[in-house]
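Trainee: Next comes the structure file data.txt, holding compact mmCIF, C-alpha atoms.
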# COMPACT_ATOMS: atom_id res chain seq x y z
CA MET B 143 0.08 -176.93 -69.69
CA THR B 144 -2.06 -179.29 -71.75
CA LEU B 145 -2.35 -176.71 -74.49
CA LEU B 146 1.42 -176.27 -74.46
CA MET B 147 1.88 -180.02 -74.76
CA LEU B 148 -0.53 -180.20 -77.67
CA LEU B 149 1.19 -177.26 -79.36
CA LEU B 150 4.60 -178.83 -78.91
CA CYS B 151 3.30 -182.15 -80.18
CA THR B 152 1.83 -180.47 -83.25
CA ILE B 153 4.88 -178.47 -84.25
CA GLY B 154 7.52 -180.61 -82.65
CA GLN B 155 9.67 -183.17 -84.34
CA PRO B 156 10.20 -185.82 -81.69
CA SER B 157 13.48 -187.50 -82.40
CA GLY B 158 13.39 -191.23 -82.71
CA GLY B 159 14.64 -192.42 -79.38
CA GLY B 160 15.55 -196.04 -79.68
CA ASN B 161 15.57 -195.91 -83.47
CA ASP B 162 18.67 -196.58 -85.51
CA SER B 163 18.02 -193.64 -87.81
CA PHE B 164 19.31 -190.25 -86.80
CA SER B 165 17.07 -187.21 -86.99
CA PRO B 166 18.20 -183.68 -86.22
CA GLY B 167 16.34 -181.93 -83.48
CA PHE B 168 16.55 -179.72 -80.45
CA ARG B 169 15.84 -180.40 -76.82
CA ILE B 170 15.41 -178.16 -73.85
CA GLY B 171 16.56 -179.30 -70.46
CA PHE B 172 17.27 -178.48 -66.86
CA THR B 173 20.39 -179.58 -65.08
CA PHE B 174 21.63 -179.82 -61.54
CA MET B 175 25.32 -179.19 -61.15
CA ALA B 176 28.10 -179.61 -58.62
CA SER B 177 31.47 -178.05 -59.25
CA PHE B 178 34.66 -178.03 -57.30
CA PRO B 179 36.11 -174.58 -57.86
CA SER B 180 39.64 -173.57 -57.06
CA MET B 181 38.58 -170.51 -55.07
CA GLN B 182 42.02 -169.94 -53.62
CA SER B 183 41.06 -166.39 -52.65
CA GLU B 184 38.15 -167.72 -50.61
CA LYS B 185 40.36 -170.30 -48.95
CA ASP B 186 42.83 -167.58 -48.00
CA PHE B 187 39.96 -165.47 -46.71
CA ALA B 188 38.64 -168.37 -44.65
CA ASP B 189 42.12 -168.98 -43.27
CA MET B 190 42.40 -165.33 -42.28
CA ASN B 191 39.08 -165.52 -40.45
CA THR B 192 40.16 -168.69 -38.72
CA ALA B 193 43.38 -166.95 -37.67
CA ALA B 194 41.22 -164.16 -36.26
CA GLY B 195 39.42 -166.67 -34.04
CA LEU B 196 36.32 -167.39 -36.10
CA ASP B 197 35.25 -170.92 -36.84
CA PHE B 198 34.67 -170.03 -40.48
CA GLU B 199 33.19 -172.85 -42.55
CA LEU B 200 33.81 -172.59 -46.29
CA GLY B 201 32.00 -174.92 -48.63
CA SER B 202 34.12 -176.94 -51.03
CA ILE B 203 31.37 -177.54 -53.58
CA ALA B 204 29.60 -174.87 -55.59
CA TRP B 205 26.04 -176.00 -56.26
CA GLY B 206 24.05 -174.79 -59.18
CA GLY B 207 21.87 -175.47 -62.15
CA SER B 208 21.22 -174.42 -65.68
CA VAL B 209 18.66 -174.22 -68.43
CA GLU B 210 20.00 -175.72 -71.63
CA LEU B 211 19.21 -176.03 -75.28
CA LEU B 212 20.80 -179.10 -76.82
CA GLY B 213 20.75 -179.66 -80.55
CA ASP B 214 21.82 -182.50 -82.81
CA VAL B 215 22.85 -180.71 -85.98
CA SER B 216 24.17 -183.82 -87.70
CA GLU B 217 24.90 -187.41 -86.87
CA LYS B 218 28.34 -186.48 -85.65
CA PHE B 219 27.92 -182.97 -84.30
CA ARG B 220 25.92 -181.54 -81.48
CA VAL B 221 25.68 -178.04 -80.00
CA ARG B 222 24.61 -176.79 -76.61
CA GLY B 223 23.77 -173.39 -75.22
CA SER B 224 22.95 -172.74 -71.61
CA VAL B 225 22.47 -170.16 -68.91
CA GLY B 226 23.32 -171.22 -65.41
CA ILE B 227 24.11 -170.21 -61.90
CA SER B 228 26.36 -171.65 -59.24
CA ARG B 229 27.00 -170.59 -55.69
CA LEU B 230 29.74 -171.10 -53.15
CA HIS B 231 28.86 -170.35 -49.56
CA GLY B 232 30.88 -169.79 -46.45
CA ALA B 233 29.86 -168.59 -43.03
CA TYR B 234 30.70 -168.10 -39.43
CA GLU B 235 27.65 -169.12 -37.44
CA ASP B 236 26.68 -168.27 -33.92
CA GLU B 237 23.98 -169.79 -31.80
CA TYR B 238 21.04 -167.79 -30.60
CA ASP B 239 20.93 -167.13 -26.92
CA PRO B 240 19.58 -170.52 -25.72
CA ILE B 241 17.18 -169.03 -23.19
CA SER B 242 15.71 -166.66 -25.78
CA TYR B 243 15.43 -169.52 -28.25
CA ILE B 244 13.57 -171.72 -25.80
CA LEU B 245 11.30 -168.90 -24.62
CA VAL B 246 10.42 -167.94 -28.19
CA GLY B 247 9.77 -171.60 -28.97
CA ILE B 248 7.44 -172.00 -26.02
CA PHE B 249 5.77 -168.62 -26.57
CA THR B 250 4.98 -169.48 -30.19
CA GLY B 251 3.59 -172.90 -29.37
CA GLY B 252 6.62 -174.72 -30.77
CA LEU B 253 6.80 -172.91 -34.11
CA GLY B 254 9.98 -171.14 -33.04
CA PHE B 255 11.73 -174.48 -32.80
CA LEU B 256 11.23 -174.94 -36.53
CA PHE B 257 13.84 -172.28 -37.14
CA SER B 258 17.55 -172.88 -36.95
CA GLU B 259 19.30 -172.43 -33.64
CA THR B 260 22.05 -170.56 -35.42
CA GLU B 261 22.41 -167.51 -37.60
CA ASP B 262 25.13 -166.57 -40.06
CA VAL B 263 27.12 -163.83 -38.35
CA VAL B 264 29.60 -163.54 -41.19
CA ASP B 265 27.99 -164.70 -44.40
CA LEU B 266 29.96 -165.12 -47.63
CA ASN B 267 28.17 -165.75 -50.92
CA ASP B 268 30.01 -166.01 -54.20
CA GLN B 269 27.78 -166.51 -57.21
CA ALA B 270 28.53 -167.04 -60.87
CA PHE B 271 26.00 -166.47 -63.61
CA THR B 272 27.22 -168.12 -66.78
CA ILE B 273 26.38 -168.32 -70.45
CA GLU B 274 27.92 -171.26 -72.23
CA ALA B 275 28.10 -172.28 -75.87
CA GLN B 276 29.60 -175.63 -76.66
CA ALA B 277 30.10 -177.79 -79.74
CA TYR B 278 30.42 -181.56 -79.40
CA TYR B 279 31.70 -184.34 -81.56
CA VAL B 280 29.71 -187.53 -81.14
CA LEU B 281 32.20 -190.25 -80.33
CA SER B 282 29.71 -193.04 -80.20
CA ARG B 283 26.06 -193.38 -81.04
CA THR B 284 24.00 -196.45 -80.40
CA PRO B 285 20.24 -196.70 -80.44
CA GLY B 286 19.10 -194.59 -77.56
CA MET B 287 22.52 -193.61 -76.31
CA SER B 288 25.34 -191.33 -77.32
CA ILE B 289 28.69 -190.23 -75.99
CA SER B 290 30.13 -186.92 -77.09
CA ALA B 291 33.04 -184.66 -76.28
CA GLY B 292 33.04 -180.95 -76.70
CA ALA B 293 34.37 -177.56 -75.81
CA GLY B 294 33.44 -173.93 -76.04
CA PRO B 295 33.50 -170.49 -74.50
CA ILE B 296 31.90 -169.55 -71.22
CA TYR B 297 31.10 -166.01 -70.14
CA THR B 298 30.80 -165.43 -66.42
CA TRP B 299 29.30 -162.65 -64.34
CA ALA B 300 30.35 -163.13 -60.75
CA THR B 301 29.29 -161.41 -57.59
CA ARG B 302 30.70 -161.56 -54.10
CA LYS B 303 28.64 -160.64 -51.08
CA LEU B 304 29.95 -160.53 -47.56
CA ASP B 305 27.51 -159.72 -44.79
CA SER B 306 28.22 -159.11 -41.13
CA PRO B 307 25.83 -157.96 -38.40
CA ASN B 308 26.15 -154.27 -39.31
CA THR B 309 27.74 -154.24 -42.73
CA ALA B 310 27.28 -155.57 -46.23
CA THR B 311 30.07 -155.61 -48.79
CA SER B 312 29.56 -156.57 -52.40
CA GLY B 313 31.54 -156.59 -55.61
CA SER B 314 31.16 -157.90 -59.11
CA GLY B 315 33.01 -158.58 -62.30
CA SER B 316 32.85 -160.54 -65.51
CA GLY B 317 35.14 -162.44 -67.79
CA LEU B 318 35.46 -164.92 -70.62
CA GLY B 319 36.56 -168.49 -70.04
CA PHE B 320 36.61 -171.94 -71.55
CA VAL B 321 34.87 -175.21 -70.85
CA ALA B 322 35.57 -178.73 -72.07
CA SER B 323 33.55 -181.79 -71.22
CA LEU B 324 32.41 -185.29 -72.00
CA ARG B 325 28.73 -186.13 -71.98
CA LEU B 326 26.59 -189.21 -72.02
CA ASP B 327 23.01 -189.01 -73.21
CA GLN B 328 20.45 -191.71 -72.74
CA GLU B 329 17.05 -191.70 -74.38
CA SER B 330 14.28 -192.64 -72.02
CA THR B 331 11.74 -195.26 -72.97
CA VAL B 332 9.21 -193.18 -71.09
CA LYS B 333 7.77 -190.13 -72.81
CA LEU B 334 6.57 -186.95 -71.21
CA GLY B 335 3.15 -186.83 -72.77
CA CYS B 336 4.07 -187.19 -76.42
CA LEU B 337 7.49 -185.61 -76.02
CA PRO B 338 10.65 -187.69 -76.02
CA LEU B 339 12.58 -187.56 -72.79
CA MET B 340 16.34 -187.84 -72.49
CA PHE B 341 18.73 -187.91 -69.58
CA GLY B 342 22.17 -186.39 -69.73
CA LEU B 343 25.26 -186.77 -67.61
CA GLU B 344 28.14 -184.41 -68.22
CA GLY B 345 31.52 -184.00 -66.60
CA GLY B 346 34.38 -181.73 -67.48
CA TYR B 347 36.53 -178.82 -66.54
CA ARG B 348 35.87 -175.10 -66.57
CA MET B 349 38.36 -172.29 -66.65
CA ASN B 350 36.47 -169.21 -65.63
CA SER B 351 38.03 -166.81 -63.19
CA VAL B 352 36.74 -163.29 -62.75
CA ASN B 353 38.39 -160.21 -61.30
CA ILE B 354 36.17 -158.00 -59.22
CA SER B 355 36.28 -154.54 -60.72
CA ASP B 356 35.45 -152.51 -57.61
CA GLU B 357 38.16 -150.13 -56.43
CA GLU B 358 38.51 -151.66 -52.97
CA ALA B 359 38.77 -155.14 -54.42
CA ASP B 360 41.85 -154.21 -56.43
CA ASP B 361 41.31 -157.01 -58.95
CA TYR B 362 40.40 -159.59 -56.32
CA GLU B 363 39.99 -162.88 -58.13
CA LEU B 364 36.97 -165.12 -57.91
CA ASP B 365 38.17 -168.33 -59.47
CA PHE B 366 35.34 -170.68 -60.34
CA SER B 367 37.71 -172.84 -62.38
CA GLY B 368 37.62 -176.52 -61.65
CA PRO B 369 36.03 -179.85 -62.46
CA PHE B 370 32.28 -180.16 -62.57
CA VAL B 371 29.61 -182.77 -63.00
CA LYS B 372 25.99 -182.24 -63.86
CA VAL B 373 22.91 -184.28 -64.52
CA GLY B 374 19.86 -183.16 -66.37
CA SER B 375 16.73 -184.17 -68.15
CA TYR B 376 15.73 -182.91 -71.57
CA ILE B 377 12.57 -182.95 -73.58
CA GLY B 378 12.48 -182.95 -77.35
CA LEU B 379 11.05 -180.02 -79.26
CA MET S 65 -2.88 -163.84 -43.42
CA GLY S 66 -3.08 -165.69 -40.12
CA LYS S 67 -0.85 -168.47 -41.42
CA ILE S 68 1.75 -165.97 -42.60
CA LEU S 69 1.78 -164.34 -39.18
CA MET S 70 2.11 -167.75 -37.54
CA PHE S 71 5.45 -168.24 -39.30
CA LEU S 72 6.58 -164.62 -39.29
CA LEU S 73 6.10 -164.13 -35.56
CA PRO S 74 8.62 -166.72 -34.35
CA ALA S 75 11.11 -165.63 -37.00
CA LEU S 76 10.83 -161.99 -35.96
CA LEU S 77 11.05 -162.86 -32.30
CA LEU S 78 14.18 -164.90 -32.92
CA ILE S 79 15.73 -162.09 -34.91
CA SER S 80 14.87 -159.59 -32.19
CA ALA S 81 16.27 -161.94 -29.57
CA GLY S 82 19.34 -162.11 -31.75
CA CYS S 83 22.75 -163.42 -30.97
CA ASN S 84 24.64 -162.16 -28.04
CA ASP S 85 27.00 -159.54 -29.50
CA SER S 86 29.44 -160.03 -26.67
CA THR S 87 30.09 -163.57 -27.88
CA TYR S 88 31.34 -162.45 -31.29
CA PRO S 89 35.04 -163.13 -31.62
CA PHE S 90 35.55 -159.65 -33.08
CA ASP S 91 35.02 -156.07 -31.99
CA GLN S 92 32.48 -153.74 -33.54
CA VAL S 93 33.86 -150.23 -33.89
CA THR S 94 32.52 -146.94 -35.16
CA GLU S 95 35.53 -144.71 -34.48
CA GLY S 96 39.28 -144.90 -34.00
CA PHE S 97 40.41 -147.31 -31.33
CA THR S 98 43.43 -148.69 -29.55
CA PHE S 99 44.29 -152.36 -29.59
CA THR S 100 46.87 -154.44 -27.80
CA TYR S 101 49.05 -157.34 -28.86
CA ASP S 102 51.60 -159.58 -27.22
CA LEU S 103 55.00 -160.38 -28.61
CA PRO S 104 56.48 -163.72 -27.52
CA ASN S 105 59.97 -162.42 -28.11
CA GLU S 106 61.73 -159.27 -29.25
CA GLY S 107 62.02 -158.61 -32.95
CA VAL S 108 61.01 -156.46 -35.88
CA VAL S 109 57.28 -155.73 -35.93
CA ASP S 110 54.92 -154.74 -38.75
CA LEU S 111 51.25 -153.89 -38.29
CA PHE S 112 49.02 -153.99 -41.36
CA VAL S 113 45.31 -153.36 -41.85
CA LEU S 114 43.66 -155.52 -44.51
CA ASN S 115 40.18 -155.18 -45.95
CA CYS S 116 37.86 -158.09 -46.68
CA TYR S 117 39.53 -158.54 -50.08
CA MET S 118 42.78 -159.12 -48.21
CA ASN S 119 44.29 -155.96 -49.62
CA ASN S 120 46.67 -154.02 -47.44
CA ILE S 121 44.97 -150.65 -46.95
CA ARG S 122 47.06 -149.19 -44.14
CA ILE S 123 50.45 -149.67 -42.59
CA LEU S 124 50.23 -148.87 -38.90
CA LEU S 125 53.77 -149.83 -38.08
CA ALA S 126 56.70 -150.79 -40.28
CA ASP S 127 60.00 -152.40 -39.39
CA SER S 128 59.83 -151.35 -35.76
CA ALA S 129 62.12 -153.08 -33.27
CA GLN S 130 60.11 -154.01 -30.20
CA SER S 131 60.75 -155.97 -27.03
CA SER S 132 58.75 -158.99 -25.95
CA GLY S 133 55.58 -158.46 -23.95
CA SER S 134 52.43 -156.42 -24.33
CA HIS S 135 52.23 -153.49 -26.71
CA SER S 136 49.49 -151.25 -28.04
CA SER S 137 48.74 -149.31 -31.17
CA SER S 138 45.78 -147.50 -32.64
CA TRP S 139 43.89 -147.19 -35.91
CA ASP S 140 41.84 -144.14 -36.84
CA LEU S 141 39.78 -146.11 -39.39
CA ARG S 142 41.52 -144.33 -42.26
CA ASN S 143 43.32 -145.87 -45.19
CA GLU S 144 46.78 -144.96 -46.47
CA SER S 145 45.27 -141.97 -48.33
CA GLY S 146 43.77 -140.60 -45.14
CA VAL S 147 40.20 -141.41 -46.18
CA ARG S 148 37.88 -143.11 -43.72
CA VAL S 149 37.32 -146.68 -44.78
CA THR S 150 33.91 -147.88 -45.88
CA ASP S 151 31.80 -150.08 -43.65
CA GLY S 152 32.92 -153.66 -43.59
CA LEU S 153 35.19 -156.23 -42.03
CA TYR S 154 38.83 -155.33 -41.47
CA TYR S 155 41.75 -157.32 -40.18
CA ILE S 156 44.83 -156.16 -38.33
CA ARG S 157 47.80 -158.41 -38.83
CA ILE S 158 50.61 -158.40 -36.32
CA ILE S 159 53.80 -159.58 -37.96
CA LEU S 160 56.93 -160.39 -35.99
CA ASP S 161 60.12 -161.05 -37.93
CA GLU S 162 58.07 -161.58 -41.11
CA ASN S 163 55.79 -164.16 -39.49
CA VAL S 164 52.13 -163.46 -38.80
CA ILE S 165 51.69 -164.07 -35.09
CA GLU S 166 48.19 -162.68 -34.65
CA THR S 167 45.19 -161.54 -36.68
CA GLN S 168 42.51 -159.35 -35.15
CA MET S 169 39.16 -158.80 -36.82
CA TYR S 170 37.01 -155.68 -36.56
CA GLU S 171 33.61 -154.81 -37.92
CA VAL S 172 33.74 -151.15 -38.90
CA TYR S 173 30.52 -149.25 -39.45
CA GLN S 174 29.18 -145.71 -39.22
Would you put the structure from the file into structure tokens?
Mentor:
Amino acid sequence: MTLLMLLLCTIGQPSGGGNDSFSPGFRIGFTFMASFPSMQSEKDFADMNTAAGLDFELGSIAWGGSVELLGDVSEKFRVRGSVGISRLHGAYEDEYDPISYILVGIFTGGLGFLFSETEDVVDLNDQAFTIEAQAYYVLSRTPGMSISAGAGPIYTWATRKLDSPNTATSGSGSGLGFVASLRLDQESTVKLGCLPLMFGLEGGYRMNSVNISDEEADDYELDFSGPFVKVGSYIGL
Amino acid sequence: MGKILMFLLPALLLISAGCNDSTYPFDQVTEGFTFTYDLPNEGVVDLFVLNCYMNNIRILLADSAQSSGSHSSSWDLRNESGVRVTDGLYYIRIILDENVIETQMYEVYQ
């Protein structure tokens, strides 16, 4: 790690956080993301399960993260590329037989109690793996802070997995979409070793629905479209 | 190794203890079966089988005039093409006068 830091310091061009002068440069970062996808198909599926007598709980937020490369190509333009993943989960849970749970807990000296009292009987997992490329126009730049707006394409690979006690169903598909967002970047006064550190906050809207290509799915739509917000930290290269 | 076993043992025991299948609000079937449904009033009845993608894969009954009360029907686990369905979750929808009055869920496996 130390060697990597030294290498990056030697070849890197730390941008001047807090300086008035602009200097082009790239940063790599990790983000944590929450999105609020449409997922109408999932809602209909959850409703159908509820109608069938299951207390099916469908999440309303898809959680995820991404690895990003953010570059200031000029004083007014910025680009970003990222790979990310987000996941929407739904489940019908059932409790373990209470006597068995207690006996296992006692028999294992209490370790059994560390595990959940419930298990997912019907377990729905919809995941989206995305590649995004976005170009931004810097609306405002002050020393140490910038606000930019941008848009670009997003390519999504989506998978759907539905597990029940004796079965497992899965399907997948891919498709091209669009993302538009507004981001706020703040240079940190603290450096990571010798590398400049920056924090980013981004919010926007994605349009990325995918049709599952499997025969049984008959073009079943996984719609990850919706607003999102993400926060991340970036280090200069 | 001992520490791994310390955590694996309770997990395995819990899994083996498992949930009580009889408490599941759905039936687990491996072959054709008969099911019952109640109609609150007389009317035109449709029975559809949907897969987990909510696609209609079989029409068990279409536009059938039935009286109120208990009725039964059966599904041989085959789709409209006569092919046995793959393992998974399936839903039978009982529709009376174009309104869904009941949904039954089945876990179908070999």
Trainee: Taking the point (20.0, -175.5, -68.8) as given in the file, collect each protein or nucleic acid residue that comes within 8 Å of it, counting all atoms listed in the file, and present the set as JSON, numbers by chain.
Mentor: {"B": [170, 171, 172, 173, 207, 208, 209, 210, 211, 223, 224, 225, 226]}
Trainee: Which residues come within 8 Å of Gly152 in chain S, counting all atoms listed in the file, excluding same-chain residues fewer than 4 positions away, as a PyMOL selection string?
Mentor: (chain B and resi 306+309-311) or (chain S and resi 115-116+171-173)
Trainee: For the residues in the current selection, export C-alpha atoms as a compact mmCIF listing (two decimals), in the coordinates of the input.
Mentor:
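Saved file again_5.txt follows:
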# COMPACT_ATOMS: atom_id res chain seq x y z
CA SER B 306 28.22 -159.11 -41.13
CA THR B 309 27.74 -154.24 -42.73
CA ALA B 310 27.28 -155.57 -46.23
CA THR B 311 30.07 -155.61 -48.79
CA ASN S 115 40.18 -155.18 -45.95
CA CYS S 116 37.86 -158.09 -46.68
CA GLU S 171 33.61 -154.81 -37.92
CA VAL S 172 33.74 -151.15 -38.90
CA TYR S 173 30.52 -149.25 -39.45
Trainee: Dig up all the protein and nucleic acid residues within 9 Å of (49.4, -148.1, -38.4) in the file frame, using only C-alpha atoms, and format them as a ChimeraX atom specification.
Mentor: /S:110-113,122-126,137-140
Trainee: Have a look at CA of Tyr234 in chain B and CA of Asn120 in chain S and let me know their distance in Å, one decimal.
Mentor: 22.7 Å
Trainee: Could you check which of S:Ile156, S:Tyr101, S:Ser134, S:Leu141 is closest to chain B, using all atoms listed in the file?
Mentor: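 Comparing S:Ile156, S:Tyr101, S:Ser134, S:Leu141 against chain B, the winner is S:Ile156.
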Trainee: My list of candidates is B:Val373, B:Val321, B:Cys336, B:Ala193. Which is closest to Val164 in chain S when distances are computed with only C-alpha atoms?
Mentor: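 Among the listed residues, the smallest separation from Val164 in chain S belongs to B:Ala193.
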Trainee: I'd like the neighbourhood of Tyr117 in chain S as a ChimeraX atom specification, where a residue qualifies if any of its atoms comes within 9 Å (using only C-alpha atoms), though same-chain residues fewer than 4 positions away should be ignored.
Mentor: /B:183,187,358-360,362
Trainee: Mind dumping the selected residues with C-alpha atoms as a PDB file, in the frame of the given file?
Mentor:
ATOM      1  CA  SER B 183      41.060-166.390 -52.650  1.00  0.00           C
ATOM      2  CA  PHE B 187      39.960-165.470 -46.710  1.00  0.00           C
ATOM      3  CA  GLU B 358      38.510-151.660 -52.970  1.00  0.00           C
ATOM      4  CA  ALA B 359      38.770-155.140 -54.420  1.00  0.00           C
ATOM      5  CA  ASP B 360      41.850-154.210 -56.430  1.00  0.00           C
ATOM      6  CA  TYR B 362      40.400-159.590 -56.320  1.00  0.00           C
TER       7      TYR B 362
END
Trainee: Measuring between only C-alpha atoms, which one of B:Thr192, B:Thr284, B:Gln182, B:Ser228 shows the shortest distance to chain S?
Mentor: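 Of all the options, B:Thr192 lies closest to chain S.
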Trainee: As an NGL selection string, please: the residues near Leu212 in chain B (cut-off 12 Å, all atoms listed in the file, same-chain neighbours under 3 positions excluded).
Mentor: :B and (166-173 or 209 or 215 or 219-224 or 274-278 or 325 or 327 or 340-342 or 374-379)
Trainee: Could you list, as a PyMOL selection string, every residue of chain B that has an atom within 10 Å of an atom of chain S, counting only C-alpha atoms?
Mentor: chain B and resi 183-184+186-187+190-197+234-264+304-313+354+358-363
Trainee: Counting all atoms listed in the file, which residue out of B:Ala188, B:Leu230, B:Ala291, B:Leu337 sits closest to Ser202 in chain B?
Mentor: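 Answer, going by the shortest atom-to-atom distance: B:Leu230.
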